[in-house]
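Structure record follows, encoded as structure tokens.
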Amino acid sequence: MAPIVPALRSPRLRRAGGNRRTGIAYVFLAPFLVLFGVFVLAPAVYGLWISLHNWNPLLPNQPFVGLDNYIQLFTPGSLTSGDFWESMSATGIFTVASVPLLLVVPLAVASLLNQKIKGGTVFRAIFFAPYVLGVAVIGVIWKYLLDPQVGVVNHVLGAFGLPDNTPWTVDVPWAWISLVGVTVWWTLGFNTVILLAGLKGISPELYDAASMDGAGVWKKFTNVTLPGLRPVMMFVTTVTILASANMFGQSYLLTKGGPGNQTRTAIMYIADQGLSQNQMGAASAMSYVLFAFLAVISVINFRLQREKSN
């Protein structure tokens, strides 16, 4: 008896099935696409339009100026160039100082929590707990703790015979140390949880094989852990860079951008120009310049990680 061969579907039926699945997928994606279009895409396009105008809500009209707002940012001596690039420099200092710590410290904590220790779940909750607090809460708490005059930190240092007059929030480099330290304490739990999930995804057999080859702790870390975490590290690195470059609340609440304007980040300056000075066009142009820098950095990071993977 000849075997029964199922009839092959015609190309028309296959296309109809594919179109049906595509239509169902778009139905499920529709709520997200609507929200994305309304709250992300439309404001982005509108902001680009504003950046091409001398946009002041207090004026009866907003004249079109083309690329003048962008040209002013790159023209030395203009009204916005000096302050903007000073704020970009402050943003770069904070990003360079905070990102390595927000990668190394969470990785070390995640590696410790990945061991079989009692109370591991409790320690995870402890490290993650500060992240659930809002930046306003963090700013108020640490503003009080780091106050140079009546702060608890200086009081405790003085009780141990250490200098008790450190200007944590009113002088550099202490202001940068405070901002970076508070940010690392506040956000390391997020990166720790993600890296810990990545560590859980590495097969224990790889570590067993490395042990059989005589690899020590450091060899296992460099030849098994780091390669296994590469996709996760790429995500964590990119997100951390973007978050640090958009820092606003910590500097606004702890140092007010001082001393002078040395810790005033780009987001602080953009907010001041757009909301306080009503220079919406210039502020929008600054936002897109900052976006361009972050986009380039993200692309470079992805390419470097991809080359390492290959």
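Within each chain, counting starts at residue 1; across the structure tokens, chains are named A, B, ... in the order shown, with ligands numbered 1 upward in that order.
The list of residues with at least one atom within 7 Å of segment 195-210 of chain A, based on only C-alpha atoms and without residues fewer than 3 positions apart in the same chain, reads A:Leu107, A:Ala110, A:Asn114, A:Asn191, A:Thr192, A:Asp213, A:Gly214, A:Ala215, A:Lys220, A:Val224, A:Gly228, A:Leu229, A:Val232.
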Taking the backbone alone, and naming residues the way the document does, which bits of segment 159-294 of chain A are helix (DSSP H, G or I) by DSSP, as a ChimeraX atom specification? /A:159,174-200,204-212,217-228,230-245,249-254,266-276,280-294
Nearest to Ser284 of chain A among A:Ile270, A:Phe84, A:Phe235, A:Gly120, with distances taken over only C-alpha atoms: which residue is it? A:Ile270
Within 9 Å of segment 172-179 of chain A, which residues of segment 74-131 of chain A show up? Give each one with its shortest atom-to-atom distance in Å (one decimal) and the two atoms involved, counting only C-alpha atoms, rows by chain then rising residue number, as a Markdown table.
```
| residue | atom | partner | partner_atom | distance |
| --- | --- | --- | --- | --- |
| A:Ile93 | CA | A:Trp176 | CA | 8.5 |
| A:Phe94 | CA | A:Trp176 | CA | 7.2 |
| A:Ala97 | CA | A:Trp176 | CA | 8.6 |
| A:Ser98 | CA | A:Leu179 | CA | 8.9 |
```
Between atom CA of Leu253 of chain A and atom CA of Met268 of chain A, measure the distance and give it in Å to one decimal. 11.1 Å
